[in-house]
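Asks: Input target28.cif, format and content: mmCIF, C-alpha atoms.
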```cif
data_protein
#
loop_
_atom_site.label_atom_id
_atom_site.label_comp_id
_atom_site.auth_asym_id
_atom_site.auth_seq_id
_atom_site.Cartn_x
_atom_site.Cartn_y
_atom_site.Cartn_z
CA MET A 1 246.92 133.39 -18.31
CA GLU A 2 246.28 131.20 -15.32
CA TYR A 3 249.24 130.02 -13.23
CA LYS A 4 249.53 127.74 -10.27
CA ILE A 5 252.16 128.51 -7.65
CA THR A 6 253.17 125.56 -5.49
CA ASP A 7 255.27 125.58 -2.35
CA PRO A 8 257.35 122.38 -2.49
CA LYS A 9 257.91 122.40 1.27
CA THR A 10 254.25 122.44 2.31
CA ARG A 11 252.87 121.01 -0.96
CA SER A 12 250.24 123.74 -0.87
CA SER A 13 249.30 125.50 -4.06
CA ALA A 14 247.26 128.44 -5.22
CA VAL A 15 245.85 129.27 -8.62
CA ILE A 16 246.39 132.85 -9.66
CA THR A 17 244.97 134.57 -12.70
CA ASP A 18 246.03 138.16 -12.18
CA ALA A 19 249.59 137.72 -10.95
CA THR A 20 251.73 140.81 -11.11
CA GLU A 21 255.30 140.67 -12.32
CA LYS A 22 256.43 141.25 -8.75
CA ASP A 23 254.29 138.34 -7.45
CA ILE A 24 255.87 135.96 -9.97
CA PHE A 25 259.40 137.17 -9.31
CA GLU A 26 259.04 136.91 -5.52
CA ALA A 27 257.38 133.48 -5.67
CA LEU A 28 260.20 132.08 -7.80
CA LEU A 29 262.80 133.80 -5.65
CA MET A 30 261.34 132.12 -2.55
CA GLY A 31 261.66 128.66 -4.14
CA LYS A 32 258.05 128.22 -5.18
CA ILE A 33 257.19 126.41 -8.39
CA LEU A 34 255.27 128.16 -11.16
CA GLU A 35 253.10 125.64 -13.01
CA PHE A 36 250.91 125.90 -16.10
CA THR A 37 248.82 123.54 -18.23
CA LYS A 38 248.26 122.97 -21.93
CA GLU A 39 245.38 121.19 -23.64
CA THR A 40 246.43 119.27 -26.77
CA ALA A 41 244.79 116.70 -29.02
CA HIS A 42 246.69 114.09 -26.98
CA GLY A 43 245.46 115.33 -23.59
CA THR A 44 246.32 117.94 -20.97
CA PHE A 45 249.93 118.42 -19.91
CA ALA A 46 251.35 120.20 -16.88
CA ALA A 47 254.73 121.90 -16.92
CA ARG A 48 256.80 124.12 -14.68
CA TYR A 49 258.87 127.23 -15.20
CA PRO A 50 262.51 126.06 -15.10
CA THR A 51 264.55 127.37 -12.19
CA GLY A 52 268.31 127.78 -12.25
CA LYS A 53 268.66 124.27 -10.81
CA ASP A 54 266.39 122.94 -13.56
CA LYS A 55 268.55 124.62 -16.21
CA LEU A 56 271.66 123.01 -14.69
CA ARG A 57 269.88 119.64 -14.78
CA MET A 58 269.03 120.28 -18.46
CA ASP A 59 272.70 120.95 -19.22
CA GLN A 60 273.72 117.77 -17.40
CA LEU A 61 271.14 115.68 -19.30
CA ARG A 62 272.28 117.14 -22.62
CA ALA A 63 275.90 116.27 -21.83
CA TYR A 64 274.85 112.77 -20.73
CA ARG A 65 272.94 112.22 -23.99
CA ARG A 66 276.02 113.36 -25.93
CA ASN A 67 278.09 110.87 -23.94
CA GLY A 68 280.30 113.72 -22.76
CA LEU A 69 281.13 114.92 -26.27
CA SER A 70 280.95 118.58 -27.17
CA ALA A 71 277.75 119.82 -28.80
CA SER A 72 279.86 120.77 -31.82
CA ALA A 73 280.47 117.04 -32.44
CA PHE A 74 276.82 116.71 -33.53
CA ASP A 75 274.91 118.12 -36.45
CA ILE A 76 272.36 120.88 -35.88
CA GLN A 77 269.33 118.57 -35.97
CA ALA A 78 270.81 116.15 -33.41
CA HIS A 79 271.68 119.05 -31.12
CA TYR A 80 268.20 120.58 -31.54
CA ASN A 81 266.52 117.23 -30.75
CA ASN A 82 268.66 116.93 -27.62
CA VAL A 83 267.62 120.42 -26.49
CA VAL A 84 263.92 119.76 -27.15
CA TRP A 85 263.79 116.36 -25.43
CA THR A 86 265.72 117.65 -22.43
CA ASP A 87 263.53 120.74 -22.04
CA LEU A 88 260.41 118.57 -22.07
CA ASP A 89 261.90 115.91 -19.77
CA VAL A 90 262.69 118.54 -17.14
CA CYS A 91 259.72 120.91 -17.50
CA ILE A 92 256.76 118.59 -18.12
CA PHE A 93 255.83 116.72 -14.96
CA ASP A 94 252.29 115.46 -15.62
CA GLY A 95 250.09 114.57 -18.51
CA PRO A 96 247.23 112.39 -19.71
CA ASP A 97 246.80 108.73 -18.76
CA TRP A 98 249.07 107.42 -21.54
CA TYR A 99 251.88 109.70 -20.32
CA ARG A 100 251.47 108.58 -16.69
CA LYS A 101 251.35 104.92 -17.79
CA ALA A 102 254.51 105.29 -19.89
CA LYS A 103 256.32 106.90 -16.93
CA ALA A 104 255.03 104.25 -14.48
CA ASP A 105 255.87 101.27 -16.73
CA ASN A 106 259.29 102.65 -17.63
CA PRO A 107 260.87 104.98 -15.04
CA ASN A 108 263.52 105.85 -17.65
CA TRP A 109 260.91 106.99 -20.18
CA THR A 110 261.91 110.17 -21.95
CA TRP A 111 260.50 112.33 -24.73
CA GLU A 112 263.03 110.60 -27.00
CA ASP A 113 260.64 107.63 -26.79
CA CYS A 114 257.62 109.58 -28.07
CA PRO A 115 256.95 108.77 -31.75
CA ASP A 116 254.80 111.86 -32.41
CA GLU A 117 257.12 114.60 -33.64
CA GLU A 118 254.25 117.08 -34.01
CA LEU A 119 253.26 116.64 -30.36
CA ILE A 120 256.87 117.09 -29.28
CA ALA A 121 257.17 120.26 -31.39
CA GLU A 122 253.85 121.65 -30.08
CA LEU A 123 254.79 121.01 -26.45
CA HIS A 124 258.26 122.48 -26.90
CA ARG A 125 256.88 125.65 -28.52
CA TRP A 126 254.45 125.94 -25.61
CA VAL A 127 257.09 125.41 -22.92
CA SER A 128 259.51 127.80 -24.64
CA SER A 129 256.93 130.55 -25.16
CA PHE A 130 255.80 130.27 -21.54
CA ARG A 131 259.41 130.46 -20.33
CA ASN A 132 260.02 133.53 -22.52
CA GLU A 133 256.79 135.19 -21.38
CA ILE A 134 257.63 134.72 -17.70
CA GLN A 135 261.20 135.89 -18.24
CA SER A 136 259.91 139.04 -19.94
CA ARG A 137 257.48 139.69 -17.10
CA ILE A 138 260.23 139.19 -14.52
CA GLY A 139 262.39 141.67 -16.45
CA GLU A 140 259.57 144.21 -16.43
CA SER A 141 259.29 143.73 -12.67
CA ARG A 142 263.00 144.29 -12.19
CA LEU A 143 263.25 147.29 -14.49
CA GLY A 144 259.85 148.85 -13.91
CA LYS A 145 259.71 152.55 -14.65
CA VAL A 146 263.39 153.06 -13.87
CA GLY A 147 264.36 151.43 -17.15
CA GLN A 148 262.08 153.80 -19.01
CA GLU A 149 263.18 156.96 -17.17
CA CYS A 150 266.94 156.49 -17.26
CA LYS A 151 267.89 157.52 -20.77
CA LEU A 152 271.33 158.89 -21.44
CA PRO A 153 271.59 161.92 -23.66
CA GLU A 154 272.90 161.12 -27.12
CA PRO A 155 276.32 162.62 -27.83
CA THR A 156 276.24 165.18 -30.60
CA ALA A 157 279.95 165.92 -30.86
CA PRO A 158 282.70 163.43 -31.73
CA MET A 159 284.30 161.77 -28.72
CA GLY A 160 287.65 162.65 -27.20
CA THR A 161 291.15 162.89 -28.60
CA GLY A 162 292.31 159.32 -27.97
CA ALA A 163 292.05 156.13 -30.01
CA PHE A 164 288.36 156.75 -30.61
CA SER A 165 288.64 160.40 -31.56
CA GLY A 166 286.27 161.50 -34.26
CA LEU A 167 283.77 158.72 -33.57
CA THR A 168 280.15 159.56 -32.98
CA ASN A 169 276.87 157.68 -33.00
CA ARG A 170 275.54 159.99 -35.71
CA PRO A 171 275.46 158.66 -39.28
CA SER A 172 278.10 160.11 -41.54
CA ILE A 173 277.05 162.06 -44.61
CA GLN A 174 278.83 160.89 -47.72
CA GLY A 175 280.38 163.47 -50.01
CA THR A 176 280.91 166.31 -47.54
#
```
Show the structure stored in the file as structure tokens.

Replies:
Amino acid sequence: MEYKITDPKTRSSAVITDATEKDIFEALLMGKILEFTKETAHGTFAARYPTGKDKLRMDQLRAYRRNGLSASAFDIQAHYNNVVWTDLDVCIFDGPDWYRKAKADNPNWTWEDCPDEELIAELHRWVSSFRNEIQSRIGESRLGKVGQECKLPEPTAPMGTGAFSGLTNRPSIQGT
């Protein structure tokens, strides 16, 4: 997959196609923005990998849309819509001409205003899968081979003489 890493301070960017997990982790750690694009029937959209600050902003927008009420005060569909619209509002930063025009004509435009539920669902699946893919790659970078090499031996005998005595991770055999 092709990514674009942008430095918000210098506004310089570089397209990378063979980024290693370490490259992605270090770029995000240094405050750079990881961008990606998606071609749809409605045009090409650009989104960014959400940073910790972006996730906080998402939480704040969700609370604002709920008017300060707890998420449990809403049914599942209303909560899901809130999550989807907020994710797209924060992560998608550019799109086709109609998207730019909507944002320019109405600075308060949000994905709540988009009448195409299929487009919203497609974009949210895309943003979510990208976020999950990057998170997995960052995890691989952090764990590397250490996570594969550090395996604890499985206990074969029951543990201790205290409250957990007689417990083991082995399945019990019925009837013995």

Asks: So the first atom is CA of Ile5 in chain A and the second is CA of Phe36 in chain A; what is the distance between them in Å, to one decimal place?

Replies: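 These two atoms are separated by 8.9 Å.
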
Asks: Could you state which residues are captured by the PyMOL selection byres ((chain A and resi 74-85) around 9) in this file, as a list in words?

Replies: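 Given this file, the PyMOL selection byres ((chain A and resi 74-85) around 9) evaluates to Met58, Asp59, Leu61, Arg62, Arg65, Arg66, Leu69, Ser70, Ala71, Ser72, Ala73, Thr86, Asp87, Leu88, Asp89, Val90, Thr110, Trp111, Glu112, Ile120, Ala121 and His124 of chain A.
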
Asks: Applied to the shown file, which residues does the PyMOL selection byres ((chain A and resi 48) around 9) return, written as a PyMOL selection string?

Replies: chain A and resi 33-37+46-47+49-51+90-93+127+131

Asks: So the first atom is CA of Gly52 in chain A and the second is CA of Gly139 in chain A; what is the distance between them in Å, to one decimal place?

Replies: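 Result for CA of Gly52 in chain A versus CA of Gly139 in chain A: 15.7 Å, one decimal.
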